[in-house]
Amino acid sequence: MRILIINGPNLNLLGNREREIYGPRSFDDYLHHLKTQFNGIHFDYFQSNHEGAIIDKLHDAGMHADGVVLNAGAYTHTSIAIADAVAAIRTPTVEVHISNVYQREAYRHHSYLSAKCEGCIIGLGLEGYGLAVEYLIHRFRGAQDLEGIGK
Ligand code: DQA
């Protein structure tokens with residue numbers, strides 16, 4: 001099973017950026033932990049500060065990934081184009097936010113992506129990525145079992 005994790009703008013600065021909100025851990029360090037935790041899952045990781053690059057990667061995921069974990073950062077609140085890309089691909093996508101955006105500024109309360117994603121995990125820190133991965137694995141195995149029943 002292949003899972004693609006996409007992090008949007010400024011998330012390359014995790015570990016340094018606003019630590020009181022996003023915590024002290026770098027994403028590279030967390031990704032290493034995820035790979036150990038979910039041994040046997042193939043992870044691809046992509047971070048970009050550019051909207052179009054995120055859209056291109058989502059299109060690519062439509063062909064090559066079994067699940068996507070998407071934290072589009074601030075584009076969550078502005079990008080109809082990323083929402084359209086999520087809707088355009090068949091790959092199940094889970095929206096993740098490290099911080100609880102509902103406890104923050106009002107402009108972070110709306111997401112263009114939530115309605116297009118299969119579900120959302122918000123405010124549980126980096127652990128949210130792991131929970132999203134766990135869900136995608138269960139979903140994938142469930143879909144495989146159903147295929148088996150049909151045969
Ligand atoms: C974020 C929340 C967004 O509002 C913010 O712009 C980010 C990070 C989060 O993970 O909590 O860059 O997506």
# chains A, B, ... in the order shown; residues from 1 in each chain; ligands from 1
>>> residues_around(residues="A:Cys120", least_positions_apart="2", cutoff="12 Å", atoms="only C-alpha atoms", output="ChimeraX atom specification")
/A:68-71,76,92-98,100-101,111,113-118,122-124,128-129,131-133,135
>>> residues_near_ligand(ligand="ligand 1", cutoff="12 Å", atoms="only C-alpha atoms and all ligand atoms", output="number ranges by chain")
A: 6-14, 17-23, 27, 47-49, 69-79, 95-113, 120-129
>>> write_last_selection(atoms="C-alpha atoms", output="CSV table (one decimal), in the first residue's frame")
chain,number,residue,atom,x,y,z
A,6,ILE,CA,1.4,16.3,1.4
A,7,ASN,CA,2.4,19.3,3.5
A,8,GLY,CA,1.7,22.7,2.2
A,9,PRO,CA,3.3,26.1,2.8
A,10,ASN,CA,5.5,26.8,5.8
A,11,LEU,CA,5.2,23.3,7.0
A,12,ASN,CA,8.8,22.7,6.0
A,13,LEU,CA,9.6,24.9,9.1
A,14,LEU,CA,8.0,22.6,11.7
A,17,ARG,CA,8.0,27.7,13.4
A,18,GLU,CA,5.7,29.0,16.2
A,19,ARG,CA,6.6,26.1,18.5
A,20,GLU,CA,3.9,27.1,21.0
A,21,ILE,CA,1.3,26.2,18.3
A,22,TYR,CA,3.0,23.5,16.2
A,23,GLY,CA,5.4,21.9,18.7
A,27,PHE,CA,8.4,16.7,10.2
A,47,GLN,CA,6.2,19.4,0.8
A,48,SER,CA,5.7,22.5,-1.2
A,49,ASN,CA,5.1,26.2,-0.7
A,69,VAL,CA,-2.9,12.7,3.9
A,70,LEU,CA,-3.2,16.4,3.1
A,71,ASN,CA,-2.2,19.3,5.3
A,72,ALA,CA,-2.5,22.2,2.8
A,73,GLY,CA,-1.5,24.8,5.5
A,74,ALA,CA,-3.0,28.2,4.7
A,75,TYR,CA,-4.2,27.1,1.3
A,76,THR,CA,-6.8,25.2,3.2
A,77,HIS,CA,-8.6,28.5,3.7
A,78,THR,CA,-8.1,30.0,0.3
A,79,SER,CA,-7.7,27.4,-2.4
A,95,GLU,CA,-7.4,16.5,5.7
A,96,VAL,CA,-5.1,17.0,8.7
A,97,HIS,CA,-4.3,20.1,10.8
A,98,ILE,CA,-1.8,20.0,13.6
A,99,SER,CA,-3.4,22.9,15.5
A,100,ASN,CA,-7.1,23.2,16.4
A,101,VAL,CA,-8.0,25.8,13.8
A,102,TYR,CA,-11.3,26.4,15.5
A,103,GLN,CA,-9.5,27.8,18.6
A,104,ARG,CA,-7.6,30.3,16.3
A,105,GLU,CA,-8.4,33.2,14.1
A,106,ALA,CA,-11.8,33.3,12.4
A,107,TYR,CA,-10.2,33.2,8.9
A,108,ARG,CA,-8.9,29.7,9.8
A,109,HIS,CA,-12.4,28.4,10.5
A,110,HIS,CA,-13.4,27.8,6.9
A,111,SER,CA,-11.8,25.0,4.8
A,112,TYR,CA,-12.4,24.7,1.1
A,113,LEU,CA,-11.0,21.2,1.4
A,120,CYS,CA,-10.7,15.6,8.8
A,121,ILE,CA,-8.4,15.3,11.8
A,122,ILE,CA,-7.9,18.6,13.5
A,123,GLY,CA,-6.0,19.8,16.5
A,124,LEU,CA,-4.3,16.5,17.7
A,125,GLY,CA,-0.8,17.6,16.9
A,126,LEU,CA,1.5,15.6,14.6
A,127,GLU,CA,-0.3,12.5,15.9
A,128,GLY,CA,-3.1,13.4,13.5
A,129,TYR,CA,-1.0,12.2,10.6
>>> residues_around(residues="A:Ala65", least_positions_apart="3", cutoff="6 Å", atoms="only C-alpha atoms", output="ChimeraX atom specification")
/A:2-3,61
>>> select_by_dssp(residues="chain A", states="strand (DSSP E or B)", output="number ranges by chain")
A: 2-7, 42-47, 67-71, 93-97, 119-122
>>> residues_around(residues="A:Ile89", least_positions_apart="3", cutoff="10 Å", atoms="only C-alpha atoms", output="PyMOL selection string")
chain A and resi 58-63+84-86+92-93
>>> atom_distance(atom1="atom CA of A:Tyr45", atom2="atom CA of A:Asp145")
27.3 Å
>>> residues_around(residues="A:Phe38", least_positions_apart="3", cutoff="9 Å", atoms="only C-alpha atoms", output="list of chain:residue names")
A:His33, A:Leu34, A:Lys35, A:Ile41, A:His42, A:Gly130, A:Val133, A:Glu134
>>> write_last_selection(atoms="N, CA, C and O atoms", output="compact mmCIF listing (two decimals), in the first residue's frame")
# COMPACT_ATOMS: atom_id res chain seq x y z
N HIS A 33 9.46 8.30 12.54
CA HIS A 33 8.65 7.57 13.54
C HIS A 33 7.47 6.86 12.85
O HIS A 33 7.19 5.70 13.13
N LEU A 34 6.81 7.57 11.93
CA LEU A 34 5.66 6.98 11.21
C LEU A 34 6.07 5.74 10.43
O LEU A 34 5.38 4.72 10.44
N LYS A 35 7.23 5.84 9.76
CA LYS A 35 7.71 4.72 8.94
C LYS A 35 8.01 3.50 9.81
O LYS A 35 7.79 2.37 9.41
N ILE A 41 4.24 -0.25 5.03
CA ILE A 41 3.52 0.73 4.20
C ILE A 41 4.57 1.54 3.44
O ILE A 41 5.58 1.97 4.03
N HIS A 42 4.31 1.77 2.16
CA HIS A 42 5.23 2.62 1.40
C HIS A 42 4.78 4.08 1.52
O HIS A 42 3.69 4.42 1.09
N GLY A 130 -0.61 10.27 11.92
CA GLY A 130 -0.61 8.82 12.20
C GLY A 130 -2.03 8.27 12.24
O GLY A 130 -2.29 7.17 11.75
N VAL A 133 -3.26 7.94 8.74
CA VAL A 133 -2.64 6.76 8.10
C VAL A 133 -3.36 5.49 8.56
O VAL A 133 -3.69 4.62 7.75
N GLU A 134 -3.62 5.42 9.86
CA GLU A 134 -4.30 4.25 10.42
C GLU A 134 -5.67 4.07 9.73
O GLU A 134 -6.04 2.96 9.32
>>> atom_distance(atom1="atom CA of A:Gly119", atom2="atom CA of A:Asp29")
25.1 Å
>>> atom_distance(atom1="atom CA of A:Gly148", atom2="atom CA of A:Asn39")
23.9 Å
>>> closest_residue(among="A:Ile137, A:Ala83, A:Leu146, A:Ile5", to="A:Leu31", atoms="only C-alpha atoms")
A:Ile5
>>> closest_residue(among="A:Leu136, A:Ala143, A:Ala87, A:Leu4", to="A:Lys57", atoms="only C-alpha atoms")
A:Leu4
>>> decode(residues="stretch 111-151 of chain A", atoms="C-alpha atoms", output="PDB file, in the first residue's frame")
ATOM      1  CA  SER A 111     -11.827  25.030   4.822  1.00  0.00           C
ATOM      2  CA  TYR A 112     -12.405  24.680   1.083  1.00  0.00           C
ATOM      3  CA  LEU A 113     -11.009  21.163   1.358  1.00  0.00           C
ATOM      4  CA  SER A 114     -13.116  19.518   4.082  1.00  0.00           C
ATOM      5  CA  ALA A 115     -16.140  18.871   1.890  1.00  0.00           C
ATOM      6  CA  LYS A 116     -13.959  17.163  -0.742  1.00  0.00           C
ATOM      7  CA  CYS A 117     -11.927  15.070   1.701  1.00  0.00           C
ATOM      8  CA  GLU A 118     -13.148  11.804   3.139  1.00  0.00           C
ATOM      9  CA  GLY A 119     -12.590  13.070   6.681  1.00  0.00           C
ATOM     10  CA  CYS A 120     -10.671  15.575   8.759  1.00  0.00           C
ATOM     11  CA  ILE A 121      -8.397  15.283  11.803  1.00  0.00           C
ATOM     12  CA  ILE A 122      -7.862  18.606  13.481  1.00  0.00           C
ATOM     13  CA  GLY A 123      -5.972  19.795  16.528  1.00  0.00           C
ATOM     14  CA  LEU A 124      -4.326  16.550  17.670  1.00  0.00           C
ATOM     15  CA  GLY A 125      -0.771  17.628  16.874  1.00  0.00           C
ATOM     16  CA  LEU A 126       1.497  15.579  14.629  1.00  0.00           C
ATOM     17  CA  GLU A 127      -0.290  12.455  15.870  1.00  0.00           C
ATOM     18  CA  GLY A 128      -3.116  13.446  13.507  1.00  0.00           C
ATOM     19  CA  TYR A 129      -1.009  12.231  10.559  1.00  0.00           C
ATOM     20  CA  GLY A 130      -0.606   8.823  12.205  1.00  0.00           C
ATOM     21  CA  LEU A 131      -4.347   8.591  12.881  1.00  0.00           C
ATOM     22  CA  ALA A 132      -5.064   9.477   9.255  1.00  0.00           C
ATOM     23  CA  VAL A 133      -2.645   6.764   8.099  1.00  0.00           C
ATOM     24  CA  GLU A 134      -4.305   4.246  10.416  1.00  0.00           C
ATOM     25  CA  TYR A 135      -7.707   5.101   8.922  1.00  0.00           C
ATOM     26  CA  LEU A 136      -6.422   4.806   5.331  1.00  0.00           C
ATOM     27  CA  ILE A 137      -4.911   1.370   6.069  1.00  0.00           C
ATOM     28  CA  HIS A 138      -8.191   0.114   7.571  1.00  0.00           C
ATOM     29  CA  ARG A 139     -10.104   1.487   4.620  1.00  0.00           C
ATOM     30  CA  PHE A 140      -7.743  -0.098   2.095  1.00  0.00           C
ATOM     31  CA  ARG A 141      -7.852  -3.504   3.816  1.00  0.00           C
ATOM     32  CA  GLY A 142     -11.662  -3.291   4.041  1.00  0.00           C
ATOM     33  CA  ALA A 143     -11.890  -2.543   0.322  1.00  0.00           C
ATOM     34  CA  GLN A 144      -9.601  -5.499  -0.430  1.00  0.00           C
ATOM     35  CA  ASP A 145     -11.730  -7.820   1.733  1.00  0.00           C
ATOM     36  CA  LEU A 146     -14.860  -6.709  -0.111  1.00  0.00           C
ATOM     37  CA  GLU A 147     -13.168  -7.424  -3.445  1.00  0.00           C
ATOM     38  CA  GLY A 148     -12.291 -10.899  -2.127  1.00  0.00           C
ATOM     39  CA  ILE A 149     -15.936 -11.526  -1.173  1.00  0.00           C
ATOM     40  CA  GLY A 150     -17.041 -10.553  -4.690  1.00  0.00           C
ATOM     41  CA  LYS A 151     -14.738 -13.159  -6.258  1.00  0.00           C
TER      42      LYS A 151
END
